[in-house]
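Trainee: File name input_5.pdb; file contents PDB, C-alpha atoms; full text below.
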ATOM      1  CA  MET A   1       0.000   0.000   0.000
ATOM      2  CA  LYS A   2       1.413   3.361  -0.993
ATOM      3  CA  LEU A   3       1.906   5.952   1.729
ATOM      4  CA  ILE A   4       1.071   9.210  -0.018
ATOM      5  CA  SER A   5       0.708  12.235   2.231
ATOM      6  CA  ARG A   6      -0.499  15.753   1.502
ATOM      7  CA  GLN A   7       0.698  18.091   4.196
ATOM      8  CA  LYS A   8      -0.690  21.294   2.746
ATOM      9  CA  ASN A   9      -3.908  22.586   1.302
ATOM     10  CA  SER A  10      -3.708  22.195  -2.453
ATOM     11  CA  ILE A  11      -5.703  25.420  -2.928
ATOM     12  CA  ILE A  12      -5.256  28.672  -1.046
ATOM     13  CA  GLN A  13      -6.616  32.182  -1.486
ATOM     14  CA  VAL A  14      -4.169  34.998  -2.246
ATOM     15  CA  SER A  15      -6.115  37.151   0.234
ATOM     16  CA  GLU A  16      -5.089  34.715   2.985
ATOM     17  CA  ILE A  17      -1.461  34.975   1.871
ATOM     18  CA  ASN A  18      -1.549  38.756   1.964
ATOM     19  CA  LEU A  19      -3.040  38.767   5.457
ATOM     20  CA  LEU A  20      -0.233  36.521   6.663
ATOM     21  CA  ALA A  21       2.349  38.693   4.876
ATOM     22  CA  ARG A  22       1.594  41.435   7.422
ATOM     23  CA  HIS A  23       3.494  39.245   9.904
ATOM     24  CA  PRO A  24       6.446  38.247   7.706
ATOM     25  CA  ALA A  25       8.736  36.627  10.288
ATOM     26  CA  PHE A  26       5.940  34.386  11.599
ATOM     27  CA  PHE A  27       4.605  33.621   8.105
ATOM     28  CA  VAL A  28       7.977  32.622   6.695
ATOM     29  CA  GLU A  29       8.784  30.499   9.742
ATOM     30  CA  GLU A  30       5.479  28.612   9.518
ATOM     31  CA  CYS A  31       5.944  27.934   5.792
ATOM     32  CA  GLU A  32       9.432  26.579   6.403
ATOM     33  CA  LYS A  33       8.132  24.380   9.229
ATOM     34  CA  GLY A  34       5.463  22.928   6.944
ATOM     35  CA  TYR A  35       8.055  21.935   4.361
ATOM     36  CA  HIS A  36      10.386  20.465   6.998
ATOM     37  CA  HIS A  37       7.522  18.498   8.527
ATOM     38  CA  GLN A  38       7.167  16.626   5.238
ATOM     39  CA  ILE A  39      10.889  15.789   5.316
ATOM     40  CA  GLU A  40      10.553  14.468   8.848
ATOM     41  CA  GLU A  41       7.483  12.403   8.012
ATOM     42  CA  ALA A  42       9.166  10.802   4.996
ATOM     43  CA  VAL A  43      12.143   9.768   7.128
ATOM     44  CA  ASP A  44       9.777   8.480   9.835
ATOM     45  CA  LEU A  45       8.072   6.229   7.292
ATOM     46  CA  ILE A  46      11.384   4.845   6.085
ATOM     47  CA  LEU A  47      12.872   4.181   9.510
ATOM     48  CA  GLU A  48       9.688   2.789  11.050
ATOM     49  CA  SER A  49       8.845   0.492   8.141
ATOM     50  CA  LYS A  50       9.344  -3.255   8.258
ATOM     51  CA  ASN A  51      10.835  -3.018   4.770
ATOM     52  CA  PRO A  52      14.653  -2.801   4.662
ATOM     53  CA  TYR A  53      14.795   0.446   2.684
ATOM     54  CA  ARG A  54      18.372   1.158   1.618
ATOM     55  CA  VAL A  55      17.863   3.537  -1.318
ATOM     56  CA  VAL A  56      15.667   6.640  -1.471
ATOM     57  CA  LEU A  57      14.856   7.597  -5.067
ATOM     58  CA  LEU A  58      13.764  11.226  -5.266
ATOM     59  CA  ALA A  59      12.403  12.694  -8.495
ATOM     60  CA  GLY A  60      10.518  15.751  -9.587
ATOM     61  CA  PRO A  61      10.102  18.141 -12.493
ATOM     62  CA  SER A  62      12.325  21.118 -13.230
ATOM     63  CA  SER A  63      12.755  23.626 -10.390
ATOM     64  CA  SER A  64      10.843  21.485  -7.918
ATOM     65  CA  GLY A  65      13.654  21.693  -5.355
ATOM     66  CA  LYS A  66      14.992  18.163  -5.780
ATOM     67  CA  THR A  67      18.574  18.946  -4.789
ATOM     68  CA  THR A  68      17.713  20.820  -1.610
ATOM     69  CA  THR A  69      15.084  18.275  -0.617
ATOM     70  CA  ALA A  70      17.516  15.385  -1.106
ATOM     71  CA  HIS A  71      20.111  17.041   1.107
ATOM     72  CA  LYS A  72      17.561  17.916   3.780
ATOM     73  CA  ILE A  73      16.410  14.293   3.831
ATOM     74  CA  SER A  74      20.052  13.282   4.227
ATOM     75  CA  GLN A  75      20.479  15.734   7.100
ATOM     76  CA  GLU A  76      17.364  14.411   8.800
ATOM     77  CA  PHE A  77      18.701  10.848   8.583
ATOM     78  CA  GLN A  78      22.039  11.982   9.978
ATOM     79  CA  SER A  79      20.349  13.763  12.882
ATOM     80  CA  ARG A  80      18.952  10.353  13.815
ATOM     81  CA  GLY A  81      22.301   8.613  13.574
ATOM     82  CA  VAL A  82      21.823   7.145  10.084
ATOM     83  CA  SER A  83      24.410   7.714   7.358
ATOM     84  CA  ALA A  84      22.698   8.972   4.178
ATOM     85  CA  PRO A  85      25.018  10.071   1.347
ATOM     86  CA  VAL A  86      23.440  11.936  -1.573
ATOM     87  CA  VAL A  87      24.193  11.259  -5.228
ATOM     88  CA  SER A  88      22.850  12.960  -8.323
ATOM     89  CA  LEU A  89      21.700  11.131 -11.419
ATOM     90  CA  ASP A  90      23.371  13.889 -13.427
ATOM     91  CA  ASP A  91      26.684  12.158 -12.736
ATOM     92  CA  PHE A  92      25.446   9.246 -14.863
ATOM     93  CA  PHE A  93      25.000  11.346 -18.013
ATOM     94  CA  LEU A  94      26.488   9.631 -21.070
ATOM     95  CA  GLY A  95      28.016  12.797 -22.518
ATOM     96  CA  MET A  96      27.371  14.958 -25.548
ATOM     97  CA  GLU A  97      28.475  12.423 -28.154
ATOM     98  CA  HIS A  98      26.130   9.751 -26.827
ATOM     99  CA  TYR A  99      22.926  11.654 -26.071
ATOM    100  CA  PRO A 100      19.784  10.697 -28.012
ATOM    101  CA  ARG A 101      18.748  13.275 -30.587
ATOM    102  CA  LEU A 102      15.630  15.328 -31.110
ATOM    103  CA  PRO A 103      14.084  15.538 -34.600
ATOM    104  CA  ASP A 104      16.065  18.711 -35.312
ATOM    105  CA  GLY A 105      19.326  16.926 -34.464
ATOM    106  CA  SER A 106      19.933  18.648 -31.134
ATOM    107  CA  PRO A 107      20.795  16.541 -28.059
ATOM    108  CA  ASP A 108      17.851  15.384 -25.962
ATOM    109  CA  MET A 109      19.212  15.726 -22.437
ATOM    110  CA  GLU A 110      15.723  15.306 -20.956
ATOM    111  CA  ALA A 111      15.403  11.705 -22.179
ATOM    112  CA  VAL A 112      16.063   8.871 -19.768
ATOM    113  CA  GLU A 113      18.348   7.407 -22.471
ATOM    114  CA  ALA A 114      20.725  10.327 -21.827
ATOM    115  CA  LEU A 115      21.722   8.408 -18.696
ATOM    116  CA  ASP A 116      23.956   5.341 -18.511
ATOM    117  CA  LEU A 117      21.160   3.003 -17.461
ATOM    118  CA  PRO A 118      23.241  -0.215 -17.280
ATOM    119  CA  LEU A 119      25.802   1.539 -15.082
ATOM    120  CA  ILE A 120      23.104   2.877 -12.742
ATOM    121  CA  ASN A 121      21.648  -0.602 -12.336
ATOM    122  CA  SER A 122      25.003  -2.301 -11.792
ATOM    123  CA  THR A 123      26.283   0.374  -9.376
ATOM    124  CA  LEU A 124      23.173   0.250  -7.206
ATOM    125  CA  LYS A 125      23.175  -3.558  -7.306
ATOM    126  CA  GLN A 126      26.770  -3.639  -6.084
ATOM    127  CA  LEU A 127      25.971  -1.114  -3.344
ATOM    128  CA  LEU A 128      23.065  -3.161  -2.041
ATOM    129  CA  GLU A 129      24.926  -6.469  -2.229
ATOM    130  CA  THR A 130      28.258  -5.368  -0.757
ATOM    131  CA  GLY A 131      27.513  -2.127   1.094
ATOM    132  CA  HIS A 132      29.896  -0.085  -1.039
ATOM    133  CA  ALA A 133      30.271   0.987  -4.677
ATOM    134  CA  THR A 134      32.103   3.416  -6.951
ATOM    135  CA  PHE A 135      29.938   6.185  -8.426
ATOM    136  CA  PRO A 136      30.971   8.247 -11.452
ATOM    137  CA  THR A 137      31.163  12.036 -11.615
ATOM    138  CA  PHE A 138      30.364  14.220 -14.596
ATOM    139  CA  ASP A 139      32.349  17.126 -16.013
ATOM    140  CA  PHE A 140      29.692  19.612 -17.109
ATOM    141  CA  GLU A 141      32.184  22.034 -18.619
ATOM    142  CA  ARG A 142      33.395  19.378 -21.079
ATOM    143  CA  SER A 143      30.092  17.466 -21.124
ATOM    144  CA  CYS A 144      31.722  14.106 -20.520
ATOM    145  CA  ARG A 145      32.476  11.599 -17.772
ATOM    146  CA  ALA A 146      35.098  12.930 -15.360
ATOM    147  CA  GLU A 147      38.124  10.977 -14.203
ATOM    148  CA  ALA A 148      37.265  11.510 -10.541
ATOM    149  CA  VAL A 149      34.948   8.989  -8.896
ATOM    150  CA  HIS A 150      32.892   8.962  -5.726
ATOM    151  CA  GLU A 151      33.355   6.027  -3.346
ATOM    152  CA  ILE A 152      30.287   5.362  -1.182
ATOM    153  CA  ALA A 153      29.988   2.943   1.707
ATOM    154  CA  LEU A 154      26.588   2.553   3.340
ATOM    155  CA  GLY A 155      27.581   0.555   6.366
ATOM    156  CA  GLU A 156      25.099  -1.652   8.185
ATOM    157  CA  ASN A 157      22.179   0.789   8.430
ATOM    158  CA  GLY A 158      22.998   3.512   5.903
ATOM    159  CA  VAL A 159      20.605   4.804   3.266
ATOM    160  CA  LEU A 160      21.542   6.188  -0.146
ATOM    161  CA  VAL A 161      19.594   9.233  -1.372
ATOM    162  CA  MET A 162      19.619   9.441  -5.173
ATOM    163  CA  GLU A 163      18.000  12.484  -6.750
ATOM    164  CA  GLY A 164      17.295  13.372 -10.345
ATOM    165  CA  LEU A 165      14.700  13.964 -13.004
ATOM    166  CA  HIS A 166      14.316  10.237 -13.760
ATOM    167  CA  ALA A 167      14.894   8.785 -10.290
ATOM    168  CA  ILE A 168      11.503   7.037 -10.117
ATOM    169  CA  ASN A 169      11.732   5.601 -13.629
ATOM    170  CA  PRO A 170      11.704   1.779 -13.246
ATOM    171  CA  ARG A 171      14.404   1.391 -15.927
ATOM    172  CA  LEU A 172      16.960   2.674 -13.411
ATOM    173  CA  VAL A 173      16.349  -0.213 -11.010
ATOM    174  CA  GLU A 174      15.375  -3.151 -13.209
ATOM    175  CA  VAL A 175      17.791  -5.555 -11.505
ATOM    176  CA  LEU A 176      17.047  -4.485  -7.908
ATOM    177  CA  ASP A 177      14.729  -5.833  -5.237
ATOM    178  CA  SER A 178      11.985  -3.186  -5.056
ATOM    179  CA  SER A 179      11.538  -3.794  -1.306
ATOM    180  CA  ASN A 180      14.849  -1.954  -0.801
ATOM    181  CA  LEU A 181      13.600   1.165  -2.603
ATOM    182  CA  PHE A 182      11.582   4.095  -1.246
ATOM    183  CA  ARG A 183      10.356   6.492  -3.927
ATOM    184  CA  ILE A 184       9.599  10.174  -3.329
ATOM    185  CA  TYR A 185       8.068  12.663  -5.748
ATOM    186  CA  VAL A 186       8.674  16.353  -5.021
ATOM    187  CA  SER A 187       7.050  19.261  -6.838
ATOM    188  CA  THR A 188       5.109  22.480  -6.391
ATOM    189  CA  ARG A 189       1.527  21.351  -5.896
ATOM    190  CA  THR A 190      -0.337  24.294  -4.353
ATOM    191  CA  GLU A 191      -2.666  26.493  -6.423
ATOM    192  CA  TYR A 192      -3.366  30.149  -5.528
ATOM    193  CA  LEU A 193      -6.780  31.640  -6.212
ATOM    194  CA  ASP A 194      -8.368  35.076  -6.124
ATOM    195  CA  GLY A 195     -11.936  34.071  -5.441
ATOM    196  CA  GLU A 196     -12.553  31.443  -8.112
ATOM    197  CA  THR A 197      -9.833  32.717 -10.470
ATOM    198  CA  GLU A 198      -6.496  30.921 -10.466
ATOM    199  CA  ILE A 199      -3.670  33.409  -9.961
ATOM    200  CA  LEU A 200      -0.633  31.137  -9.670
ATOM    201  CA  CYS A 201      -0.520  27.510 -10.781
ATOM    202  CA  PRO A 202       2.206  24.996  -9.859
ATOM    203  CA  LYS A 203       3.807  25.074 -13.331
ATOM    204  CA  ASP A 204       4.086  28.871 -13.329
ATOM    205  CA  ALA A 205       5.575  28.743  -9.838
ATOM    206  CA  ARG A 206       8.306  26.464 -11.184
ATOM    207  CA  LEU A 207       8.815  28.686 -14.211
ATOM    208  CA  ILE A 208       9.378  31.699 -11.965
ATOM    209  CA  ARG A 209      11.837  29.702  -9.862
ATOM    210  CA  ARG A 210      13.675  28.545 -12.981
ATOM    211  CA  MET A 211      13.897  32.025 -14.467
ATOM    212  CA  VAL A 212      15.506  33.321 -11.284
ATOM    213  CA  ARG A 213      17.862  30.339 -10.963
ATOM    214  CA  ASP A 214      18.947  30.426 -14.604
ATOM    215  CA  HIS A 215      19.684  34.144 -14.353
ATOM    216  CA  ASN A 216      21.604  33.792 -11.084
ATOM    217  CA  PHE A 217      23.549  30.594 -11.688
ATOM    218  CA  ARG A 218      23.488  29.587 -15.373
ATOM    219  CA  ASN A 219      24.056  32.874 -17.178
ATOM    220  CA  ARG A 220      20.744  32.554 -19.013
ATOM    221  CA  SER A 221      18.350  35.403 -19.609
ATOM    222  CA  PRO A 222      14.657  35.062 -18.728
ATOM    223  CA  LEU A 223      13.987  35.007 -22.469
ATOM    224  CA  GLU A 224      16.242  31.964 -22.929
ATOM    225  CA  THR A 225      14.454  30.220 -20.075
ATOM    226  CA  LEU A 226      11.076  30.915 -21.647
ATOM    227  CA  LEU A 227      12.273  29.716 -25.058
ATOM    228  CA  ALA A 228      13.201  26.343 -23.556
ATOM    229  CA  TRP A 229      10.212  26.006 -21.227
ATOM    230  CA  GLU A 230       7.800  24.176 -23.534
ATOM    231  CA  ASP A 231      10.446  21.546 -24.323
ATOM    232  CA  VAL A 232      11.034  21.125 -20.597
ATOM    233  CA  LEU A 233       7.321  20.582 -19.993
ATOM    234  CA  ASP A 234       7.136  18.105 -22.889
ATOM    235  CA  GLY A 235       9.976  16.111 -21.350
ATOM    236  CA  GLU A 236       8.205  16.029 -17.993
ATOM    237  CA  GLU A 237       5.025  14.723 -19.599
ATOM    238  CA  LYS A 238       6.970  11.906 -21.258
ATOM    239  CA  TYR A 239       9.508  10.953 -18.640
ATOM    240  CA  ILE A 240       8.216  11.879 -15.152
ATOM    241  CA  TYR A 241       4.448  12.113 -14.948
ATOM    242  CA  PRO A 242       3.773   8.490 -15.959
ATOM    243  CA  PHE A 243       5.476   7.351 -12.731
ATOM    244  CA  ARG A 244       4.560  10.041 -10.193
ATOM    245  CA  ASP A 245       1.563   8.176  -8.771
ATOM    246  CA  SER A 246       3.591   5.005  -8.153
ATOM    247  CA  VAL A 247       5.678   6.593  -5.387
ATOM    248  CA  ASP A 248       5.613   6.018  -1.626
ATOM    249  CA  TYR A 249       5.477   9.682  -0.606
ATOM    250  CA  LYS A 250       4.809  13.075  -2.189
ATOM    251  CA  ILE A 251       6.299  16.356  -1.027
ATOM    252  CA  ASP A 252       4.843  19.757  -1.875
ATOM    253  CA  SER A 253       7.887  22.004  -2.110
ATOM    254  CA  MET A 254       5.876  25.212  -2.557
ATOM    255  CA  LEU A 255       6.472  27.741   0.211
ATOM    256  CA  ASP A 256       3.372  29.899   0.474
ATOM    257  CA  TYR A 257       5.363  33.103   0.869
ATOM    258  CA  GLU A 258       7.221  32.670  -2.450
ATOM    259  CA  GLY A 259       4.925  34.962  -4.393
ATOM    260  CA  CYS A 260       5.604  37.686  -1.850
ATOM    261  CA  VAL A 261       9.378  37.685  -2.355
ATOM    262  CA  PHE A 262       9.946  36.906  -6.034
ATOM    263  CA  HIS A 263       9.081  40.505  -6.961
ATOM    264  CA  HIS A 264      12.618  41.362  -5.875
ATOM    265  CA  TYR A 265      14.150  38.992  -8.415
ATOM    266  CA  ILE A 266      11.860  38.728 -11.427
ATOM    267  CA  LEU A 267      10.585  42.228 -12.012
ATOM    268  CA  PRO A 268      14.000  43.898 -12.530
ATOM    269  CA  MET A 269      15.125  41.270 -15.030
ATOM    270  CA  ILE A 270      12.168  41.007 -17.394
ATOM    271  CA  GLY A 271      12.056  44.553 -18.735
ATOM    272  CA  GLU A 272      13.898  43.470 -21.895
ATOM    273  CA  MET A 273      11.145  40.946 -22.645
ATOM    274  CA  ARG A 274       8.090  43.165 -22.337
ATOM    275  CA  ASP A 275       7.859  43.815 -26.074
ATOM    276  CA  HIS A 276       9.079  40.460 -27.365
ATOM    277  CA  PRO A 277       6.417  39.278 -29.841
ATOM    278  CA  ALA A 278       6.482  35.663 -28.715
ATOM    279  CA  PHE A 279       6.498  36.173 -24.969
ATOM    280  CA  SER A 280       5.082  39.582 -24.135
ATOM    281  CA  GLY A 281       1.795  37.944 -23.082
ATOM    282  CA  LYS A 282       3.536  35.505 -20.759
ATOM    283  CA  VAL A 283       5.683  38.269 -19.318
ATOM    284  CA  ARG A 284       2.599  40.367 -18.574
ATOM    285  CA  GLN A 285       1.024  37.330 -16.931
ATOM    286  CA  ILE A 286       4.055  36.831 -14.663
ATOM    287  CA  VAL A 287       4.018  40.504 -13.702
ATOM    288  CA  GLU A 288       0.296  40.288 -12.908
ATOM    289  CA  ILE A 289       0.867  37.142 -10.842
ATOM    290  CA  LEU A 290       3.499  38.765  -8.665
ATOM    291  CA  GLU A 291       1.582  42.027  -8.342
ATOM    292  CA  ALA A 292      -1.284  40.066  -6.759
ATOM    293  CA  PHE A 293       0.925  39.243  -3.766
ATOM    294  CA  ASP A 294       1.846  41.727  -1.062
ATOM    295  CA  ASP A 295       5.554  42.252  -0.555
ATOM    296  CA  ILE A 296       7.807  40.486   1.961
ATOM    297  CA  ASP A 297      11.421  41.586   2.183
ATOM    298  CA  TYR A 298      13.759  38.834   0.989
ATOM    299  CA  HIS A 299      15.899  39.277   4.108
ATOM    300  CA  TYR A 300      13.304  37.205   5.970
ATOM    301  CA  ILE A 301      14.229  34.120   3.906
ATOM    302  CA  PRO A 302      16.340  31.739   6.040
ATOM    303  CA  LYS A 303      19.851  30.952   4.840
ATOM    304  CA  ASP A 304      18.977  27.254   4.595
ATOM    305  CA  SER A 305      15.617  27.722   2.857
ATOM    306  CA  LEU A 306      14.789  25.672  -0.215
ATOM    307  CA  LEU A 307      14.391  28.993  -2.040
ATOM    308  CA  ARG A 308      18.146  29.536  -1.723
ATOM    309  CA  GLU A 309      18.525  26.868  -4.427
ATOM    310  CA  PHE A 310      17.064  29.458  -6.793
ATOM    311  CA  ILE A 311      17.936  32.878  -5.364
ATOM    312  CA  GLY A 312      21.334  32.119  -3.833
TER     313      GLY A 312
END
Render the structure in this file as structure tokens.

Mentor:
Amino acid sequence: MKLISRQKNSIIQVSEINLLARHPAFFVEECEKGYHHQIEEAVDLILESKNPYRVVLLAGPSSSGKTTTAHKISQEFQSRGVSAPVVSLDDFFLGMEHYPRLPDGSPDMEAVEALDLPLINSTLKQLLETGHATFPTFDFERSCRAEAVHEIALGENGVLVMEGLHAINPRLVEVLDSSNLFRIYVSTRTEYLDGETEILCPKDARLIRRMVRDHNFRNRSPLETLLAWEDVLDGEEKYIYPFRDSVDYKIDSMLDYEGCVFHHYILPMIGEMRDHPAFSGKVRQIVEILEAFDDIDYHYIPKDSLLREFIG
């Protein structure tokens, strides 16, 4: 029986958010607690189960907060005396020369076939059978497998946390005993309404996160992010969504105060896009979304918040 939990309301009124924004320190703290409670509950389920879970597979769509969530799960295990190293599926990329191709000939890095599936299976199998294994690392500057490797030893009670876009795809674990595997799906799941009108949907919340992250960390303009967004969504439909209801636990990574702080990041950077013929409508929509939320100063965001994955 699957243990799916929903810790938050999936629908909330923007008017409620703006009332809470009048007490920013309290509001932010409560949102962070709600997210952390989901982390704690997931670890409770793993440690209290009769199943010998040794691998946590954590997946989610773009800008869902996979990396931060994986590391917070690891920290929660460690706080309870359980070793829980984190590995990223990105280290199993095949490299530019070996990626599958889209119809236009460009590399399809969203496809599960962009990963070294036999190596993932054999590495995890060795880890579960012997307690230790050698994991590859990936050189993103050269887009190829790096010479350095990552040696991981689980010990008697350790748990591996593996995060990535395709982590819950069954092709990654075809040779493994499924009783050793605990699957988690993380994404933004909350919808924000003004009366009966949807103001901010989960996909737009992730788009806003991605625009900020790409600008801050990947030297990409908001326009470049928007140009790639439909392909990203298409990849999610093909490679993630078919498996998201087969997981053991779901985490809503949306922090209800996000709309109140992203003004500081998005609005200054999208001026160049206002008149772009392809995206001016979407840009206006994003501006309208953020203008619906009252402002909270970004200094209230904790240093260890999931939002730091996007804002720095």

Trainee: Just to confirm, what's the straight-line distance from atom CA of Gln78 of chain A to atom CA of Gly164 of chain A in Å (one decimal)?

Mentor: 20.9 Å

Trainee: Taking the point (22.5, 1.5, 10.4) as given in the file, collect each protein or nucleic acid residue that comes within 12 Å of it, counting all atoms listed in the file, and present the set as a short mmCIF file (atom, residue, chain, number, x, y, z; two decimals) with C-alpha atoms, keeping the file's coordinate frame.

Mentor:
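And here's point-v6.cif as it stands now:
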data_model
loop_
_atom_site.label_atom_id
_atom_site.label_comp_id
_atom_site.auth_asym_id
_atom_site.auth_seq_id
_atom_site.Cartn_x
_atom_site.Cartn_y
_atom_site.Cartn_z
CA LEU A 47 12.87 4.18 9.51
CA PRO A 52 14.65 -2.80 4.66
CA TYR A 53 14.80 0.45 2.68
CA ARG A 54 18.37 1.16 1.62
CA PHE A 77 18.70 10.85 8.58
CA GLN A 78 22.04 11.98 9.98
CA ARG A 80 18.95 10.35 13.82
CA GLY A 81 22.30 8.61 13.57
CA VAL A 82 21.82 7.14 10.08
CA SER A 83 24.41 7.71 7.36
CA ALA A 84 22.70 8.97 4.18
CA GLY A 131 27.51 -2.13 1.09
CA ALA A 153 29.99 2.94 1.71
CA LEU A 154 26.59 2.55 3.34
CA GLY A 155 27.58 0.56 6.37
CA GLU A 156 25.10 -1.65 8.18
CA ASN A 157 22.18 0.79 8.43
CA GLY A 158 23.00 3.51 5.90
CA VAL A 159 20.60 4.80 3.27
CA LEU A 160 21.54 6.19 -0.15
#

Trainee: Could you give me, as an NGL selection string, the residues that have an atom at most 6 Å away from the point (-5.9, 37.3, -6.3) in the coordinates of the file, using only C-alpha atoms?

Mentor: :A and (14 or 193-194 or 199 or 292)

Trainee: Using only C-alpha atoms, which protein or nucleic acid residues come within 9 Å of Thr123 of chain A? Drop anything in the same chain fewer than 3 positions from it, and give the result as a list in words.

Mentor: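 With the cut-off at 9 Å, the set is Pro118, Leu119, Ile120, Gln126, Leu127, Leu128, Ala133, Thr134 and Phe135 of chain A.
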
Trainee: For a quick check of understanding, using all atoms listed in the file, which of A:Glu258, A:Asp104, A:Asp248, A:Glu236 has the smallest distance to Leu306 of chain A?

Mentor: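 Closest to Leu306 of chain A, using all atoms listed in the file: A:Glu258.
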
Trainee: From the list A:Phe310, A:Phe26, A:Phe243, A:Phe182, which residue is nearest His166 of chain A when using only C-alpha atoms?

Mentor: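 Counting only C-alpha atoms, the residue closest to His166 of chain A is A:Phe243.
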
Trainee: Might you pull out every residue within 12 Å of Met211 of chain A, with all atoms listed in the file counted and same-chain residues fewer than 4 positions away left off, and present them as a PDB file with C-alpha atoms, in the frame of the given file?

Mentor:
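File written: out01.pdb
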ATOM      1  CA  SER A  62      12.325  21.118 -13.230  1.00  0.00           C
ATOM      2  CA  SER A  63      12.755  23.626 -10.390  1.00  0.00           C
ATOM      3  CA  ASP A 204       4.086  28.871 -13.329  1.00  0.00           C
ATOM      4  CA  ALA A 205       5.575  28.743  -9.838  1.00  0.00           C
ATOM      5  CA  ARG A 206       8.306  26.464 -11.184  1.00  0.00           C
ATOM      6  CA  LEU A 207       8.815  28.686 -14.211  1.00  0.00           C
ATOM      7  CA  HIS A 215      19.684  34.144 -14.353  1.00  0.00           C
ATOM      8  CA  ASN A 216      21.604  33.792 -11.084  1.00  0.00           C
ATOM      9  CA  PHE A 217      23.549  30.594 -11.688  1.00  0.00           C
ATOM     10  CA  ARG A 218      23.488  29.587 -15.373  1.00  0.00           C
ATOM     11  CA  ASN A 219      24.056  32.874 -17.178  1.00  0.00           C
ATOM     12  CA  ARG A 220      20.744  32.554 -19.013  1.00  0.00           C
ATOM     13  CA  SER A 221      18.350  35.403 -19.609  1.00  0.00           C
ATOM     14  CA  PRO A 222      14.657  35.062 -18.728  1.00  0.00           C
ATOM     15  CA  LEU A 223      13.987  35.007 -22.469  1.00  0.00           C
ATOM     16  CA  GLU A 224      16.242  31.964 -22.929  1.00  0.00           C
ATOM     17  CA  THR A 225      14.454  30.220 -20.075  1.00  0.00           C
ATOM     18  CA  LEU A 226      11.076  30.915 -21.647  1.00  0.00           C
ATOM     19  CA  LEU A 227      12.273  29.716 -25.058  1.00  0.00           C
ATOM     20  CA  ALA A 228      13.201  26.343 -23.556  1.00  0.00           C
ATOM     21  CA  TRP A 229      10.212  26.006 -21.227  1.00  0.00           C
ATOM     22  CA  PHE A 262       9.946  36.906  -6.034  1.00  0.00           C
ATOM     23  CA  TYR A 265      14.150  38.992  -8.415  1.00  0.00           C
ATOM     24  CA  ILE A 266      11.860  38.728 -11.427  1.00  0.00           C
ATOM     25  CA  LEU A 267      10.585  42.228 -12.012  1.00  0.00           C
ATOM     26  CA  MET A 269      15.125  41.270 -15.030  1.00  0.00           C
ATOM     27  CA  ILE A 270      12.168  41.007 -17.394  1.00  0.00           C
ATOM     28  CA  VAL A 283       5.683  38.269 -19.318  1.00  0.00           C
ATOM     29  CA  ILE A 286       4.055  36.831 -14.663  1.00  0.00           C
ATOM     30  CA  PHE A 310      17.064  29.458  -6.793  1.00  0.00           C
ATOM     31  CA  ILE A 311      17.936  32.878  -5.364  1.00  0.00           C
TER      32      ILE A 311
END

Trainee: For the structure shown, which residues end up in the PyMOL selection byres ((chain A and resi 237) around 12)? Put them as an mmCIF file with C-alpha atoms, in the frame of the given file, please?

Mentor:
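Listing of selection.cif after writing:
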data_model
loop_
_atom_site.group_PDB
_atom_site.id
_atom_site.type_symbol
_atom_site.label_atom_id
_atom_site.label_comp_id
_atom_site.auth_asym_id
_atom_site.auth_seq_id
_atom_site.Cartn_x
_atom_site.Cartn_y
_atom_site.Cartn_z
ATOM 1 C CA GLY A 60 10.518 15.751 -9.587
ATOM 2 C CA PRO A 61 10.102 18.141 -12.493
ATOM 3 C CA SER A 62 12.325 21.118 -13.230
ATOM 4 C CA GLU A 110 15.723 15.306 -20.956
ATOM 5 C CA ALA A 111 15.403 11.705 -22.179
ATOM 6 C CA LEU A 165 14.700 13.964 -13.004
ATOM 7 C CA HIS A 166 14.316 10.237 -13.760
ATOM 8 C CA GLU A 230 7.800 24.176 -23.534
ATOM 9 C CA ASP A 231 10.446 21.546 -24.323
ATOM 10 C CA VAL A 232 11.034 21.125 -20.597
ATOM 11 C CA LEU A 233 7.321 20.582 -19.993
ATOM 12 C CA ASP A 234 7.136 18.105 -22.889
ATOM 13 C CA GLY A 235 9.976 16.111 -21.350
ATOM 14 C CA GLU A 236 8.205 16.029 -17.993
ATOM 15 C CA LYS A 238 6.970 11.906 -21.258
ATOM 16 C CA TYR A 239 9.508 10.953 -18.640
ATOM 17 C CA ILE A 240 8.216 11.879 -15.152
ATOM 18 C CA TYR A 241 4.448 12.113 -14.948
ATOM 19 C CA PRO A 242 3.773 8.490 -15.959
ATOM 20 C CA PHE A 243 5.476 7.351 -12.731
ATOM 21 C CA ARG A 244 4.560 10.041 -10.193
#

Trainee: So that I can check the surroundings of Leu181 of chain A, please list as a ChimeraX atom specification every protein, DNA and RNA residue that reaches within 9 Å of it, counting only C-alpha atoms and ignoring chain neighbours fewer than 4 positions away.

Mentor: /A:51-57,173,176-177

Trainee: Tell me which residues the PyMOL selection byres ((chain A and resi 91) around 7) grabs here, as a list of chain:residue names.

Mentor: A:Ser88, A:Leu89, A:Asp90, A:Phe92, A:Phe93, A:Pro136, A:Thr137, A:Phe138

Trainee: Kindly list the centre and edge lengths in Å, rounded to one decimal, for the axis-aligned box that covers all listed atoms of segment 296-311 of chain A plus 8 Å on each of its six sides, as lines of an AutoDock Vina configuration file.

Mentor:
center_x = 13.8
center_y = 33.6
center_z = -0.4
size_x = 28.0
size_y = 31.9
size_z = 28.8

Trainee: Using the chain letters and numbers from the file, which residues does the PyMOL selection byres ((chain A and resi 24) around 12) grab, as a list in words?

Mentor: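 Selected by the PyMOL selection byres ((chain A and resi 24) around 12) here: Ile17, Asn18, Leu19, Leu20, Ala21, Arg22, His23, Ala25, Phe26, Phe27, Val28, Glu29, Glu30, Cys31, Asp256, Tyr257, Glu258, Cys260, Val261, Asp294, Asp295, Ile296, Asp297, Tyr298, His299, Tyr300, Ile301 and Pro302 of chain A.
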